[in-house]
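*Asks:* Got a structure here, written out as structure tokens. Questions coming.
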Amino acid sequence: MSPQPCRVHRPLAGGRFSTGELLPYIVAQVAGAILGAFTVYIIASGQPGFDLAASGLASNGYGEHSPGGYSMQAGFITEVVMTFMFLIVILGATHHLANPGFAGLAIGLSLTLIHLISIPVTNTSVNPARSTGPALIVGDWAIGQLWMFWVAPIIGALIAGAVYRWLSPNEE
């Protein structure tokens, strides 16, 4: 009887993470976002007259909590499409055939454009952890709308991973 081969973790959507790496990555992202949002809160609350409810700490929102008053549908579509585009740029710029010296420039410029487009719509998430930190501090409406800023970016990222793996040159 021959020994059973080791089970290799199936790579996730973009093919850059194994399933075993996913949970620690998510935990680290969310913990960092919470720490970052708490730091911003401590600094901002040092200003006389600071109002957490009025500032919202740039929490993501739709409807009356959207900077431009955009609907939930508009916000959802915006977050899916912006996350999709951001991940396509990241995957392309960090591909083993890409010039690594330009990855930061491509990623940074694309994130700038994404913010210019989506800040008026949702305050720009494209990262569930980024949305979670401020929402946990603001509470109330920000927690109530947080679901969308997990679901939409995850959908956008999964679509980007599948599309990129289909379009990109062989990774091997």
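All residue names refer to the structure tokens as shown: chains lettered A, B, ... in order, residues numbered from 1 in each chain, ligands numbered from 1 in order.
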Could you name the residues that touch A:Ala58 at 9 Å or less, counting only C-alpha atoms, but leaving out those on the same chain fewer than 6 positions away, as a ChimeraX atom specification?
*Replies:* /A:123-124,131,134-135
*Asks:* Excluding A:Ala37 and its own-chain neighbours fewer than 2 positions away, which residues fall within 9 Å of it when counting only C-alpha atoms? Please give them as JSON, numbers by chain.
*Replies:* {"A": [32, 33, 34, 35, 39, 40, 41, 42, 57, 130, 132, 133, 134, 135, 136, 137]}
*Asks:* Can you list, as a compact mmCIF listing (two decimals) with C-alpha atoms, in the first residue's frame, every protein, DNA or RNA residue that comes within 9 Å of A:Ser118 when you count only C-alpha atoms, leaving out same-chain residues fewer than 6 positions away?
*Replies:*
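In the end it all went to part26.txt:
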```txt
# COMPACT_ATOMS: atom_id res chain seq x y z
CA GLY A 75 -23.28 51.80 -3.34
CA THR A 78 -19.85 50.85 -6.88
CA GLU A 79 -18.12 48.69 -4.27
CA MET A 82 -14.21 49.35 -7.69
CA THR A 124 -14.84 54.02 -0.41
CA SER A 125 -14.38 50.63 1.14
```
*Asks:* Nearest to A:Val81 among A:Val126, A:Leu146, A:Val151, A:Ala31, with distances taken over only C-alpha atoms: which residue is it?
*Replies:*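 Closest candidate: A:Val126.
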*Asks:* When you count only C-alpha atoms, which of these residues is closest to A:Ser71: A:Ala160, A:Leu167, A:Ala54, A:Val121?
*Replies:*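 Checking each of A:Ala160, A:Leu167, A:Ala54, A:Val121 against A:Ser71, counting only C-alpha atoms, the winner is A:Val121.
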*Asks:* If I take atom CA of A:Gly104 and atom CA of A:Leu23, how far is one from the other in Å, to one decimal?
*Replies:*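 Between atom CA of A:Gly104 and atom CA of A:Leu23 the gap works out to 25.3 Å.
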*Asks:* Tell me, as an NGL selection string, which residues lie within 8 Å of A:Gln145, counting only C-alpha atoms; anything in the same chain fewer than 4 positions away does not count.
*Replies:* :A and (60-62 or 141 or 149)
*Asks:* Any idea what the distance is between atom CA of A:Ala152 and atom CA of A:Thr83?
*Replies:* 8.1 Å
*Asks:* Please report, as a CSV table (one decimal) with N, CA and C atoms, in the first residue's frame, each residue of chain A to which DSSP assigns alpha helix (DSSP H) when run on this structure's backbone.
*Replies:*
```csv
chain,number,residue,atom,x,y,z
A,19,THR,N,-5.9,28.1,1.2
A,19,THR,CA,-7.0,28.3,2.1
A,19,THR,C,-6.5,28.4,3.6
A,20,GLY,N,-5.4,27.8,3.9
A,20,GLY,CA,-4.8,27.8,5.2
A,20,GLY,C,-4.3,29.2,5.6
A,21,GLU,N,-4.0,30.0,4.6
A,21,GLU,CA,-3.5,31.4,4.9
A,21,GLU,C,-4.6,32.4,5.0
A,22,LEU,N,-5.8,32.1,4.6
A,22,LEU,CA,-6.9,33.0,4.6
A,22,LEU,C,-7.3,33.6,5.9
A,23,LEU,N,-7.6,32.7,6.9
A,23,LEU,CA,-8.1,33.2,8.2
A,23,LEU,C,-7.1,34.1,8.9
A,24,PRO,N,-5.8,33.7,9.0
A,24,PRO,CA,-4.9,34.6,9.6
A,24,PRO,C,-4.8,35.9,8.9
A,25,TYR,N,-4.9,35.9,7.6
A,25,TYR,CA,-4.8,37.2,6.9
A,25,TYR,C,-6.0,38.1,7.2
A,26,ILE,N,-7.2,37.5,7.2
A,26,ILE,CA,-8.4,38.3,7.6
A,26,ILE,C,-8.3,38.8,9.0
A,27,VAL,N,-7.9,38.0,9.9
A,27,VAL,CA,-7.8,38.4,11.3
A,27,VAL,C,-6.8,39.6,11.4
A,28,ALA,N,-5.6,39.5,10.8
A,28,ALA,CA,-4.6,40.5,10.9
A,28,ALA,C,-5.1,41.8,10.2
A,29,GLN,N,-5.8,41.7,9.1
A,29,GLN,CA,-6.4,42.9,8.4
A,29,GLN,C,-7.4,43.6,9.3
A,30,VAL,N,-8.3,42.8,9.9
A,30,VAL,CA,-9.4,43.4,10.7
A,30,VAL,C,-8.8,44.0,12.0
A,31,ALA,N,-7.8,43.3,12.6
A,31,ALA,CA,-7.2,43.8,13.9
A,31,ALA,C,-6.5,45.1,13.6
A,32,GLY,N,-5.7,45.2,12.5
A,32,GLY,CA,-5.0,46.4,12.1
A,32,GLY,C,-6.0,47.5,11.8
A,33,ALA,N,-7.1,47.2,11.2
A,33,ALA,CA,-8.1,48.3,10.9
A,33,ALA,C,-8.7,48.8,12.1
A,34,ILE,N,-9.0,48.0,13.1
A,34,ILE,CA,-9.6,48.4,14.3
A,34,ILE,C,-8.6,49.3,15.1
A,35,LEU,N,-7.4,48.8,15.2
A,35,LEU,CA,-6.3,49.6,15.8
A,35,LEU,C,-6.2,51.0,15.1
A,36,GLY,N,-6.2,51.0,13.8
A,36,GLY,CA,-6.0,52.2,13.1
A,36,GLY,C,-7.2,53.2,13.3
A,37,ALA,N,-8.4,52.7,13.3
A,37,ALA,CA,-9.6,53.5,13.5
A,37,ALA,C,-9.6,54.0,14.9
A,38,PHE,N,-9.2,53.2,15.9
A,38,PHE,CA,-9.2,53.7,17.3
A,38,PHE,C,-8.1,54.8,17.4
A,39,THR,N,-7.0,54.6,16.8
A,39,THR,CA,-6.0,55.7,16.8
A,39,THR,C,-6.5,57.0,16.2
A,40,VAL,N,-7.2,56.9,15.1
A,40,VAL,CA,-7.8,58.1,14.5
A,40,VAL,C,-8.8,58.7,15.4
A,41,TYR,N,-9.6,57.9,16.1
A,41,TYR,CA,-10.6,58.4,17.0
A,41,TYR,C,-9.9,59.1,18.2
A,42,ILE,N,-8.9,58.5,18.7
A,42,ILE,CA,-8.2,59.2,19.9
A,42,ILE,C,-7.6,60.5,19.4
A,43,ILE,N,-7.0,60.6,18.3
A,43,ILE,CA,-6.5,61.9,17.8
A,43,ILE,C,-7.6,62.9,17.5
A,44,ALA,N,-8.7,62.5,16.8
A,44,ALA,CA,-9.8,63.4,16.4
A,44,ALA,C,-10.5,63.8,17.7
A,52,LEU,N,-18.4,62.4,17.5
A,52,LEU,CA,-18.2,61.1,16.8
A,52,LEU,C,-19.4,60.9,15.8
A,53,ALA,N,-20.6,61.1,16.3
A,53,ALA,CA,-21.7,60.9,15.4
A,53,ALA,C,-21.7,61.7,14.2
A,54,ALA,N,-21.3,63.0,14.3
A,54,ALA,CA,-21.2,63.9,13.1
A,54,ALA,C,-20.1,63.5,12.2
A,55,SER,N,-18.9,63.1,12.8
A,55,SER,CA,-17.7,62.8,11.9
A,55,SER,C,-17.9,61.5,11.3
A,72,MET,N,-28.6,52.3,-1.7
A,72,MET,CA,-27.9,51.1,-1.4
A,72,MET,C,-27.5,50.3,-2.7
A,73,GLN,N,-28.3,50.3,-3.7
A,73,GLN,CA,-28.0,49.7,-5.0
A,73,GLN,C,-26.8,50.3,-5.6
A,74,ALA,N,-26.8,51.6,-5.7
A,74,ALA,CA,-25.6,52.4,-6.3
A,74,ALA,C,-24.4,52.1,-5.5
A,75,GLY,N,-24.4,52.1,-4.2
A,75,GLY,CA,-23.3,51.8,-3.3
A,75,GLY,C,-22.8,50.4,-3.5
A,76,PHE,N,-23.7,49.4,-3.6
A,76,PHE,CA,-23.3,48.0,-3.8
A,76,PHE,C,-22.6,47.8,-5.1
A,77,ILE,N,-23.2,48.4,-6.2
A,77,ILE,CA,-22.5,48.2,-7.5
A,77,ILE,C,-21.2,48.9,-7.5
A,78,THR,N,-21.1,50.1,-6.9
A,78,THR,CA,-19.8,50.8,-6.9
A,78,THR,C,-18.8,50.0,-6.2
A,79,GLU,N,-19.1,49.5,-5.0
A,79,GLU,CA,-18.1,48.7,-4.3
A,79,GLU,C,-17.7,47.4,-5.0
A,80,VAL,N,-18.6,46.7,-5.7
A,80,VAL,CA,-18.2,45.5,-6.4
A,80,VAL,C,-17.3,45.9,-7.6
A,81,VAL,N,-17.7,46.9,-8.3
A,81,VAL,CA,-16.9,47.3,-9.5
A,81,VAL,C,-15.5,47.9,-9.1
A,82,MET,N,-15.5,48.7,-8.1
A,82,MET,CA,-14.2,49.4,-7.7
A,82,MET,C,-13.3,48.3,-7.1
A,83,THR,N,-13.8,47.4,-6.3
A,83,THR,CA,-13.0,46.3,-5.8
A,83,THR,C,-12.5,45.4,-6.9
A,84,PHE,N,-13.3,45.1,-7.8
A,84,PHE,CA,-12.9,44.3,-9.0
A,84,PHE,C,-11.8,44.9,-9.7
A,85,MET,N,-11.9,46.2,-10.0
A,85,MET,CA,-10.8,46.9,-10.8
A,85,MET,C,-9.6,47.0,-9.9
A,86,PHE,N,-9.7,47.3,-8.6
A,86,PHE,CA,-8.5,47.4,-7.8
A,86,PHE,C,-7.7,46.0,-7.7
A,87,LEU,N,-8.5,44.9,-7.6
A,87,LEU,CA,-7.8,43.6,-7.6
A,87,LEU,C,-7.2,43.2,-8.9
A,88,ILE,N,-7.8,43.6,-10.0
A,88,ILE,CA,-7.3,43.3,-11.3
A,88,ILE,C,-5.9,44.1,-11.4
A,89,VAL,N,-5.9,45.3,-11.0
A,89,VAL,CA,-4.6,46.1,-11.0
A,89,VAL,C,-3.6,45.4,-10.1
A,90,ILE,N,-4.0,45.1,-8.9
A,90,ILE,CA,-3.0,44.5,-8.0
A,90,ILE,C,-2.5,43.1,-8.5
A,91,LEU,N,-3.4,42.3,-9.0
A,91,LEU,CA,-2.9,41.0,-9.5
A,91,LEU,C,-2.0,41.2,-10.8
A,92,GLY,N,-2.4,42.1,-11.6
A,92,GLY,CA,-1.5,42.4,-12.8
A,92,GLY,C,-0.2,43.0,-12.4
A,93,ALA,N,-0.2,44.0,-11.5
A,93,ALA,CA,1.1,44.6,-11.1
A,93,ALA,C,2.0,43.8,-10.3
A,103,ALA,N,4.9,48.3,-9.6
A,103,ALA,CA,3.7,47.8,-8.9
A,103,ALA,C,3.1,48.8,-8.0
A,104,GLY,N,4.0,49.5,-7.1
A,104,GLY,CA,3.5,50.5,-6.2
A,104,GLY,C,2.8,51.6,-6.9
A,105,LEU,N,3.4,52.1,-8.0
A,105,LEU,CA,2.9,53.2,-8.7
A,105,LEU,C,1.5,52.8,-9.3
A,106,ALA,N,1.4,51.7,-10.0
A,106,ALA,CA,0.2,51.2,-10.6
A,106,ALA,C,-0.9,51.1,-9.5
A,107,ILE,N,-0.6,50.4,-8.4
A,107,ILE,CA,-1.6,50.2,-7.3
A,107,ILE,C,-2.0,51.5,-6.7
A,108,GLY,N,-1.0,52.4,-6.4
A,108,GLY,CA,-1.3,53.7,-5.8
A,108,GLY,C,-2.2,54.6,-6.6
A,109,LEU,N,-1.8,54.6,-7.9
A,109,LEU,CA,-2.6,55.5,-8.8
A,109,LEU,C,-4.0,54.9,-9.0
A,110,SER,N,-4.2,53.6,-9.1
A,110,SER,CA,-5.5,53.1,-9.2
A,110,SER,C,-6.3,53.3,-8.0
A,111,LEU,N,-5.7,53.2,-6.8
A,111,LEU,CA,-6.5,53.4,-5.6
A,111,LEU,C,-6.9,54.9,-5.5
A,112,THR,N,-6.0,55.8,-5.9
A,112,THR,CA,-6.4,57.2,-6.0
A,112,THR,C,-7.6,57.4,-6.8
A,113,LEU,N,-7.6,56.9,-8.0
A,113,LEU,CA,-8.7,57.0,-8.9
A,113,LEU,C,-10.0,56.4,-8.3
A,114,ILE,N,-9.9,55.2,-7.7
A,114,ILE,CA,-11.0,54.6,-7.1
A,114,ILE,C,-11.6,55.5,-6.0
A,115,HIS,N,-10.7,56.1,-5.2
A,115,HIS,CA,-11.2,57.0,-4.2
A,115,HIS,C,-11.9,58.2,-4.8
A,116,LEU,N,-11.4,58.8,-5.8
A,116,LEU,CA,-12.0,59.9,-6.5
A,116,LEU,C,-13.4,59.6,-7.0
A,117,ILE,N,-13.6,58.4,-7.5
A,117,ILE,CA,-14.9,57.9,-8.0
A,117,ILE,C,-15.8,57.6,-6.9
A,118,SER,N,-15.4,56.9,-5.8
A,118,SER,CA,-16.3,56.3,-4.9
A,118,SER,C,-16.5,57.0,-3.5
A,119,ILE,N,-15.6,57.9,-3.2
A,119,ILE,CA,-15.8,58.6,-1.9
A,119,ILE,C,-17.2,59.3,-1.9
A,120,PRO,N,-17.6,60.0,-3.0
A,120,PRO,CA,-19.0,60.6,-2.9
A,120,PRO,C,-20.1,59.5,-2.8
A,121,VAL,N,-19.9,58.3,-3.2
A,121,VAL,CA,-20.9,57.3,-3.2
A,121,VAL,C,-21.0,56.6,-1.8
A,122,THR,N,-19.9,56.0,-1.4
A,122,THR,CA,-19.9,55.2,-0.1
A,122,THR,C,-18.8,55.6,0.9
A,128,PRO,N,-13.1,45.1,3.3
A,128,PRO,CA,-13.9,44.9,4.4
A,128,PRO,C,-13.3,45.3,5.8
A,129,ALA,N,-12.0,45.1,5.9
A,129,ALA,CA,-11.4,45.4,7.2
A,129,ALA,C,-11.4,46.9,7.4
A,130,ARG,N,-11.1,47.7,6.3
A,130,ARG,CA,-11.1,49.2,6.3
A,130,ARG,C,-12.5,49.7,6.8
A,131,SER,N,-13.6,49.0,6.4
A,131,SER,CA,-14.9,49.4,6.8
A,131,SER,C,-15.2,49.0,8.2
A,132,THR,N,-14.7,47.9,8.7
A,132,THR,CA,-15.0,47.3,10.0
A,132,THR,C,-14.4,48.2,11.2
A,133,GLY,N,-13.2,48.7,11.0
A,133,GLY,CA,-12.6,49.5,12.1
A,133,GLY,C,-13.5,50.7,12.5
A,134,PRO,N,-13.7,51.6,11.6
A,134,PRO,CA,-14.6,52.8,11.9
A,134,PRO,C,-16.0,52.4,12.4
A,135,ALA,N,-16.6,51.4,11.7
A,135,ALA,CA,-17.9,51.0,12.0
A,135,ALA,C,-18.0,50.5,13.5
A,136,LEU,N,-17.0,49.8,14.0
A,136,LEU,CA,-17.1,49.3,15.4
A,136,LEU,C,-17.0,50.5,16.4
A,137,ILE,N,-16.3,51.5,16.0
A,137,ILE,CA,-16.2,52.7,16.9
A,137,ILE,C,-17.4,53.6,16.8
A,138,VAL,N,-17.9,53.8,15.6
A,138,VAL,CA,-19.1,54.6,15.4
A,138,VAL,C,-20.3,53.9,15.9
A,140,ASP,N,-24.0,52.0,15.9
A,140,ASP,CA,-25.3,52.4,15.4
A,140,ASP,C,-25.5,52.1,13.9
A,141,TRP,N,-25.7,53.1,13.1
A,141,TRP,CA,-26.0,52.9,11.7
A,141,TRP,C,-24.8,52.3,10.9
A,142,ALA,N,-23.6,52.6,11.4
A,142,ALA,CA,-22.4,52.1,10.7
A,142,ALA,C,-22.3,50.6,10.8
A,143,ILE,N,-22.7,50.0,12.0
A,143,ILE,CA,-22.7,48.6,12.2
A,143,ILE,C,-23.9,48.0,11.3
A,144,GLY,N,-25.0,48.7,11.3
A,144,GLY,CA,-26.1,48.2,10.5
A,144,GLY,C,-25.9,48.1,9.0
A,145,GLN,N,-25.0,49.0,8.5
A,145,GLN,CA,-24.7,49.0,7.1
A,145,GLN,C,-23.4,48.2,6.7
A,148,MET,N,-22.9,45.3,3.9
A,148,MET,CA,-22.7,45.6,2.5
A,148,MET,C,-21.2,45.8,2.2
A,149,PHE,N,-20.5,46.3,3.1
A,149,PHE,CA,-19.1,46.6,2.9
A,149,PHE,C,-18.2,45.4,3.2
A,150,TRP,N,-18.8,44.3,3.5
A,150,TRP,CA,-18.1,43.0,3.4
A,150,TRP,C,-18.6,42.2,2.2
A,151,VAL,N,-19.9,42.2,2.0
A,151,VAL,CA,-20.4,41.4,0.8
A,151,VAL,C,-19.9,41.9,-0.5
A,152,ALA,N,-20.1,43.2,-0.8
A,152,ALA,CA,-19.8,43.7,-2.1
A,152,ALA,C,-18.3,43.6,-2.4
A,153,PRO,N,-17.4,44.0,-1.5
A,153,PRO,CA,-15.9,43.8,-1.9
A,153,PRO,C,-15.5,42.3,-2.0
A,154,ILE,N,-16.1,41.5,-1.3
A,154,ILE,CA,-15.8,40.0,-1.4
A,154,ILE,C,-16.3,39.6,-2.8
A,155,ILE,N,-17.5,39.9,-3.2
A,155,ILE,CA,-17.9,39.6,-4.6
A,155,ILE,C,-17.0,40.1,-5.6
A,156,GLY,N,-16.7,41.4,-5.5
A,156,GLY,CA,-15.8,42.0,-6.5
A,156,GLY,C,-14.4,41.3,-6.5
A,157,ALA,N,-13.9,41.0,-5.4
A,157,ALA,CA,-12.6,40.3,-5.3
A,157,ALA,C,-12.7,38.9,-5.9
A,158,LEU,N,-13.7,38.2,-5.6
A,158,LEU,CA,-13.9,36.8,-6.2
A,158,LEU,C,-14.0,36.9,-7.7
A,159,ILE,N,-14.8,37.8,-8.2
A,159,ILE,CA,-14.9,38.0,-9.7
A,159,ILE,C,-13.6,38.3,-10.3
A,160,ALA,N,-12.8,39.3,-9.7
A,160,ALA,CA,-11.5,39.7,-10.2
A,160,ALA,C,-10.6,38.5,-10.2
A,161,GLY,N,-10.5,37.7,-9.1
A,161,GLY,CA,-9.7,36.5,-9.1
A,161,GLY,C,-10.0,35.6,-10.2
A,162,ALA,N,-11.2,35.3,-10.4
A,162,ALA,CA,-11.6,34.3,-11.5
A,162,ALA,C,-11.3,34.9,-12.8
A,163,VAL,N,-11.6,36.2,-13.1
A,163,VAL,CA,-11.3,36.8,-14.4
A,163,VAL,C,-9.8,36.9,-14.6
A,164,TYR,N,-9.1,37.3,-13.6
A,164,TYR,CA,-7.6,37.4,-13.8
A,164,TYR,C,-7.0,36.0,-14.1
A,165,ARG,N,-7.4,35.0,-13.4
A,165,ARG,CA,-6.8,33.7,-13.6
A,165,ARG,C,-7.1,33.2,-15.0
A,166,TRP,N,-8.3,33.6,-15.5
A,166,TRP,CA,-8.7,33.2,-16.8
A,166,TRP,C,-7.9,34.0,-17.9
A,167,LEU,N,-7.7,35.3,-17.7
A,167,LEU,CA,-7.0,36.1,-18.7
A,167,LEU,C,-5.5,36.1,-18.6
```
*Asks:* What is the distance between atom CA of A:Trp147 and atom CA of A:His65, in Å to one decimal?
*Replies:*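 Value for the atom CA of A:Trp147-atom CA of A:His65 distance: 14.2 Å.
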